[in-house]
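This is work31.cif (mmCIF, C-alpha atoms).
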data_input
loop_
_atom_site.group_PDB
_atom_site.id
_atom_site.type_symbol
_atom_site.label_atom_id
_atom_site.label_comp_id
_atom_site.auth_asym_id
_atom_site.auth_seq_id
_atom_site.Cartn_x
_atom_site.Cartn_y
_atom_site.Cartn_z
ATOM 1 C CA MET A 296 -15.415 0.274 -5.352
ATOM 2 C CA ARG A 297 -14.155 -3.304 -5.453
ATOM 3 C CA ILE A 298 -11.339 -5.161 -7.174
ATOM 4 C CA ALA A 299 -11.403 -8.954 -7.098
ATOM 5 C CA THR A 300 -8.279 -11.073 -7.498
ATOM 6 C CA GLU A 301 -7.914 -14.838 -7.463
ATOM 7 C CA ARG A 302 -7.840 -15.024 -3.647
ATOM 8 C CA LEU A 303 -8.630 -11.522 -2.409
ATOM 9 C CA LEU A 304 -11.178 -8.741 -2.463
ATOM 10 C CA LEU A 305 -9.904 -5.164 -2.401
ATOM 11 C CA ARG A 306 -12.762 -2.873 -1.386
ATOM 12 C CA ASP A 307 -13.382 0.638 -0.180
ATOM 13 C CA PHE A 308 -13.018 1.065 3.559
ATOM 14 C CA VAL A 309 -16.014 1.523 5.843
ATOM 15 C CA THR A 310 -15.770 3.147 9.276
ATOM 16 C CA ASP A 311 -16.428 -0.147 11.043
ATOM 17 C CA ASP A 312 -13.158 -1.600 9.676
ATOM 18 C CA TRP A 313 -11.073 0.068 12.393
ATOM 19 C CA PRO A 314 -11.002 -2.877 14.884
ATOM 20 C CA ASP A 315 -9.377 -5.189 12.311
ATOM 21 C CA VAL A 316 -6.855 -2.500 11.375
ATOM 22 C CA LEU A 317 -6.059 -1.832 15.037
ATOM 23 C CA ALA A 318 -5.492 -5.554 15.633
ATOM 24 C CA TYR A 319 -2.719 -5.837 13.041
ATOM 25 C CA GLN A 320 -1.258 -2.357 13.546
ATOM 26 C CA ARG A 321 -0.576 -3.183 17.198
ATOM 27 C CA ASP A 322 1.452 -6.262 16.311
ATOM 28 C CA PRO A 323 5.179 -5.716 17.085
ATOM 29 C CA ARG A 324 6.127 -7.347 13.771
ATOM 30 C CA TYR A 325 4.025 -4.777 11.892
ATOM 31 C CA LEU A 326 5.401 -1.881 13.951
ATOM 32 C CA GLN A 327 9.028 -2.733 13.140
ATOM 33 C CA PHE A 328 9.229 -0.499 10.037
ATOM 34 C CA TYR A 329 6.864 2.270 11.167
ATOM 35 C CA PRO A 330 7.585 5.252 13.392
ATOM 36 C CA TRP A 331 4.876 4.281 15.892
ATOM 37 C CA ALA A 332 5.673 2.345 19.049
ATOM 38 C CA ASP A 333 1.988 1.451 19.425
ATOM 39 C CA ARG A 334 -1.365 2.387 17.908
ATOM 40 C CA THR A 335 -4.416 3.602 19.803
ATOM 41 C CA GLU A 336 -8.058 3.186 18.961
ATOM 42 C CA ALA A 337 -8.389 6.938 18.314
ATOM 43 C CA GLU A 338 -5.399 6.953 15.921
ATOM 44 C CA VAL A 339 -6.702 4.010 13.927
ATOM 45 C CA ARG A 340 -10.241 5.422 13.802
ATOM 46 C CA ARG A 341 -8.779 8.619 12.276
ATOM 47 C CA PHE A 342 -6.628 6.514 9.911
ATOM 48 C CA VAL A 343 -9.668 4.623 8.589
ATOM 49 C CA LYS A 344 -11.833 7.778 8.505
ATOM 50 C CA LEU A 345 -9.268 9.431 6.226
ATOM 51 C CA PHE A 346 -9.694 6.594 3.719
ATOM 52 C CA VAL A 347 -13.498 6.782 3.947
ATOM 53 C CA ASP A 348 -13.412 10.567 3.455
ATOM 54 C CA GLN A 349 -11.143 10.241 0.395
ATOM 55 C CA GLN A 350 -13.880 8.245 -1.337
ATOM 56 C CA THR A 351 -15.929 11.456 -1.729
ATOM 57 C CA GLU A 352 -13.210 13.369 -3.604
ATOM 58 C CA ARG A 353 -14.320 14.470 -7.059
ATOM 59 C CA PRO A 354 -12.374 13.667 -9.055
ATOM 60 C CA ARG A 355 -11.107 10.920 -6.838
ATOM 61 C CA ARG A 356 -7.323 10.973 -6.541
ATOM 62 C CA ASN A 357 -6.725 8.557 -3.662
ATOM 63 C CA PHE A 358 -7.847 4.950 -3.690
ATOM 64 C CA GLN A 359 -7.080 3.141 -0.438
ATOM 65 C CA PHE A 360 -8.635 -0.312 -0.266
ATOM 66 C CA ALA A 361 -9.189 -2.745 2.572
ATOM 67 C CA ILE A 362 -7.696 -6.144 1.738
ATOM 68 C CA THR A 363 -10.130 -8.935 2.614
ATOM 69 C CA PHE A 364 -10.984 -12.420 1.456
ATOM 70 C CA PRO A 365 -13.831 -12.869 -1.051
ATOM 71 C CA ASP A 366 -16.244 -13.842 1.736
ATOM 72 C CA GLY A 367 -15.985 -10.210 2.878
ATOM 73 C CA GLY A 368 -14.732 -11.045 6.336
ATOM 74 C CA GLN A 369 -11.831 -9.655 8.311
ATOM 75 C CA VAL A 370 -9.642 -6.854 6.968
ATOM 76 C CA ILE A 371 -6.137 -8.321 6.699
ATOM 77 C CA GLY A 372 -4.411 -5.214 5.368
ATOM 78 C CA ASN A 373 -4.759 -2.288 3.022
ATOM 79 C CA ILE A 374 -3.363 -1.118 -0.275
ATOM 80 C CA GLY A 375 -3.601 2.165 -2.051
ATOM 81 C CA ILE A 376 -2.752 4.116 -5.140
ATOM 82 C CA ARG A 377 -2.566 7.882 -4.871
ATOM 83 C CA ARG A 378 -2.230 10.319 -7.746
ATOM 84 C CA LYS A 379 0.490 12.892 -7.261
ATOM 85 C CA PRO A 380 -0.928 16.305 -6.294
ATOM 86 C CA GLU A 381 0.781 18.104 -9.166
ATOM 87 C CA ASN A 382 -0.367 15.912 -12.090
ATOM 88 C CA ASP A 383 -2.792 13.231 -13.256
ATOM 89 C CA TRP A 384 -0.295 10.916 -14.942
ATOM 90 C CA GLU A 385 1.714 9.682 -11.957
ATOM 91 C CA ALA A 386 0.771 7.897 -8.726
ATOM 92 C CA ASP A 387 2.425 6.045 -5.883
ATOM 93 C CA ILE A 388 1.366 2.816 -4.243
ATOM 94 C CA GLY A 389 1.645 1.583 -0.693
ATOM 95 C CA TYR A 390 0.442 -1.461 1.203
ATOM 96 C CA GLU A 391 0.459 -3.171 4.559
ATOM 97 C CA LEU A 392 -0.582 -6.632 5.622
ATOM 98 C CA ALA A 393 -1.330 -8.261 8.955
ATOM 99 C CA PRO A 394 1.802 -10.224 9.941
ATOM 100 C CA GLU A 395 -0.029 -13.535 10.253
ATOM 101 C CA TYR A 396 -0.653 -13.336 6.478
ATOM 102 C CA TRP A 397 2.934 -12.547 5.463
ATOM 103 C CA GLY A 398 4.755 -14.956 3.177
ATOM 104 C CA ARG A 399 1.653 -16.239 1.371
ATOM 105 C CA GLY A 400 1.792 -13.998 -1.705
ATOM 106 C CA TYR A 401 -1.176 -11.835 -0.668
ATOM 107 C CA ALA A 402 0.749 -8.545 -0.796
ATOM 108 C CA THR A 403 2.072 -9.387 -4.262
ATOM 109 C CA GLU A 404 -1.402 -10.382 -5.482
ATOM 110 C CA ALA A 405 -2.940 -7.171 -4.160
ATOM 111 C CA ALA A 406 -0.092 -5.037 -5.528
ATOM 112 C CA LEU A 407 -0.422 -6.591 -9.003
ATOM 113 C CA ALA A 408 -4.123 -5.731 -8.954
ATOM 114 C CA ILE A 409 -3.506 -2.138 -7.868
ATOM 115 C CA VAL A 410 -0.803 -1.604 -10.503
ATOM 116 C CA ASP A 411 -3.144 -2.997 -13.190
ATOM 117 C CA PHE A 412 -5.909 -0.694 -11.898
ATOM 118 C CA GLY A 413 -3.568 2.292 -12.093
ATOM 119 C CA PHE A 414 -2.565 1.697 -15.685
ATOM 120 C CA ARG A 415 -5.866 0.306 -17.036
ATOM 121 C CA GLU A 416 -8.448 2.371 -15.180
ATOM 122 C CA LEU A 417 -6.619 5.544 -14.185
ATOM 123 C CA GLY A 418 -4.598 5.811 -17.407
ATOM 124 C CA LEU A 419 -1.348 6.485 -15.570
ATOM 125 C CA HIS A 420 2.022 6.892 -17.244
ATOM 126 C CA ARG A 421 4.124 6.091 -14.161
ATOM 127 C CA ILE A 422 3.688 4.353 -10.805
ATOM 128 C CA SER A 423 6.238 4.690 -8.028
ATOM 129 C CA SER A 424 6.752 3.433 -4.500
ATOM 130 C CA TRP A 425 9.342 3.310 -1.737
ATOM 131 C CA CYS A 426 10.110 1.166 1.263
ATOM 132 C CA ILE A 427 12.508 1.081 4.185
ATOM 133 C CA ALA A 428 15.671 -0.590 2.848
ATOM 134 C CA ASP A 429 15.774 -3.057 5.764
ATOM 135 C CA ASN A 430 12.293 -4.286 4.806
ATOM 136 C CA ALA A 431 13.473 -6.883 2.271
ATOM 137 C CA ALA A 432 10.026 -8.503 2.023
ATOM 138 C CA SER A 433 8.433 -5.238 0.897
ATOM 139 C CA ALA A 434 11.210 -4.654 -1.646
ATOM 140 C CA ARG A 435 10.603 -8.166 -3.030
ATOM 141 C CA VAL A 436 6.892 -7.408 -3.462
ATOM 142 C CA LEU A 437 7.659 -4.256 -5.446
ATOM 143 C CA GLU A 438 10.107 -6.109 -7.660
ATOM 144 C CA ARG A 439 7.714 -9.048 -8.197
ATOM 145 C CA VAL A 440 5.035 -6.711 -9.527
ATOM 146 C CA GLY A 441 7.489 -5.166 -11.964
ATOM 147 C CA LEU A 442 8.623 -1.978 -10.259
ATOM 148 C CA ARG A 443 12.281 -1.322 -10.929
ATOM 149 C CA PRO A 444 14.834 -0.019 -8.444
ATOM 150 C CA GLU A 445 15.494 3.673 -9.096
ATOM 151 C CA GLY A 446 17.653 4.617 -6.167
ATOM 152 C CA ARG A 447 18.469 4.576 -2.501
ATOM 153 C CA LEU A 448 18.060 7.555 -0.221
ATOM 154 C CA ARG A 449 20.573 7.237 2.575
ATOM 155 C CA GLU A 450 19.384 7.929 6.110
ATOM 156 C CA ASN A 451 16.386 9.989 5.032
ATOM 157 C CA GLU A 452 13.908 8.602 7.588
ATOM 158 C CA HIS A 453 14.401 8.915 11.334
ATOM 159 C CA PHE A 454 12.338 6.969 13.847
ATOM 160 C CA LYS A 455 12.840 4.595 16.744
ATOM 161 C CA GLY A 456 16.097 6.288 17.620
ATOM 162 C CA ARG A 457 17.895 5.640 14.361
ATOM 163 C CA TRP A 458 18.256 6.648 10.730
ATOM 164 C CA TRP A 459 16.848 4.436 7.971
ATOM 165 C CA ASP A 460 17.624 4.280 4.256
ATOM 166 C CA THR A 461 14.741 4.046 1.792
ATOM 167 C CA LEU A 462 14.634 2.341 -1.587
ATOM 168 C CA LEU A 463 12.858 4.027 -4.513
ATOM 169 C CA TYR A 464 11.005 2.097 -7.221
ATOM 170 C CA GLY A 465 9.162 2.979 -10.418
ATOM 171 C CA LEU A 466 7.318 1.437 -13.339
ATOM 172 C CA LEU A 467 6.341 3.037 -16.636
ATOM 173 C CA GLU A 468 3.170 2.154 -18.482
ATOM 174 C CA SER A 469 5.203 0.917 -21.460
ATOM 175 C CA GLU A 470 7.163 -1.466 -19.208
ATOM 176 C CA TRP A 471 3.951 -2.697 -17.579
ATOM 177 C CA ARG A 472 2.315 -3.257 -20.975
ATOM 178 C CA THR A 473 5.293 -5.380 -22.084
ATOM 179 C CA SER A 474 5.293 -7.429 -18.868
ATOM 180 C CA ALA A 475 1.467 -7.770 -18.857
ATOM 181 C CA THR A 476 1.528 -9.397 -22.291
ATOM 182 C CA SER A 477 4.136 -11.900 -21.101
ATOM 183 C CA ARG A 478 2.046 -13.016 -18.091
#
Show how you would write the structure in this file as structure tokens.
Amino acid sequence: MRIATERLLLRDFVTDDWPDVLAYQRDPRYLQFYPWADRTEAEVRRFVKLFVDQQTERPRRNFQFAITFPDGGQVIGNIGIRRKPENDWEADIGYELAPEYWGRGYATEAALAIVDFGFRELGLHRISSWCIADNAASARVLERVGLRPEGRLRENEHFKGRWWDTLLYGLLESEWRTSATSR
């Protein structure tokens, strides 16, 4: 499966994508808001294999895409939309991007495409997401694509020797439809 945007190609993962993923997941800037202190080849191979295996689900409930440029080169991140296990009308999104591509609007562009895919193709009623509260750039991406703040969970994540707050976001299909017509 592929989704093309103005500057990006979101495509299903293949097993040979792991070296690109390992390269950015080892970057200290990337690791800042994740529980890992480092990533190993074996961990990242399993990470990518999970996404490849999810492609065979019938019906497919998890769509995790490699973010690349249209020339099909290097994987610069990934983005996914995952239906909730208990229903077919709600899903959550998540994304990550290699730090050298931060600040260029790529995460926002990919997230807009995945939200559109969720409402147009999957027929969702609601899309949600969350991020570490200290990760202001990720919160900005969620807000730019139309997700609205729904709450803050105080000290609900613990890693790297400290407690972290998380921010909760959501978007209803009716809100997306209104904002999509204004774009």
Contacts of Asp460 of chain A within 9 Å, only C-alpha atoms, excl. fewer than 6 positions in-chain, as a ChimeraX atom specification: /A:426-429,447-452
Please list as a PDB file with C-alpha atoms, keeping the file's coordinate frame every residue within 7 Å of Thr363 of chain A, counting only C-alpha atoms and excluding residues in the same chain fewer than 3 positions away.
ATOM      1  CA  LEU A 303      -8.630 -11.522  -2.409  1.00  0.00           C
ATOM      2  CA  LEU A 304     -11.178  -8.741  -2.463  1.00  0.00           C
ATOM      3  CA  LEU A 305      -9.904  -5.164  -2.401  1.00  0.00           C
ATOM      4  CA  GLY A 367     -15.985 -10.210   2.878  1.00  0.00           C
ATOM      5  CA  GLY A 368     -14.732 -11.045   6.336  1.00  0.00           C
ATOM      6  CA  GLN A 369     -11.831  -9.655   8.311  1.00  0.00           C
ATOM      7  CA  VAL A 370      -9.642  -6.854   6.968  1.00  0.00           C
ATOM      8  CA  ILE A 371      -6.137  -8.321   6.699  1.00  0.00           C
TER       9      ILE A 371
END
For the provided coordinates, the residues matched by the PyMOL selection byres ((chain A and resi 455) around 12) should be stated as a list in words. Leu326, Gln327, Phe328, Tyr329, Pro330, Trp331, Ala332, Asp333, Glu452, His453, Phe454, Gly456, Arg457, Trp458 and Trp459 of chain A
Adding 8 Å on each side of the box along x, y and z that holds all listed atoms of segment 443-448 of chain A, could you give its centre and edge lengths in Å to one decimal, as JSON?
{"center_x": 15.4, "center_y": 3.1, "center_z": -5.6, "size_x": 22.2, "size_y": 24.9, "size_z": 26.7}
Carefully work through the PyMOL selection byres ((chain A and resi 391-394) around 12) for this structure and note down the residues it includes, as a PyMOL selection string. chain A and resi 315-329+359-363+369-375+388-390+395-406+426+430+432-433+436
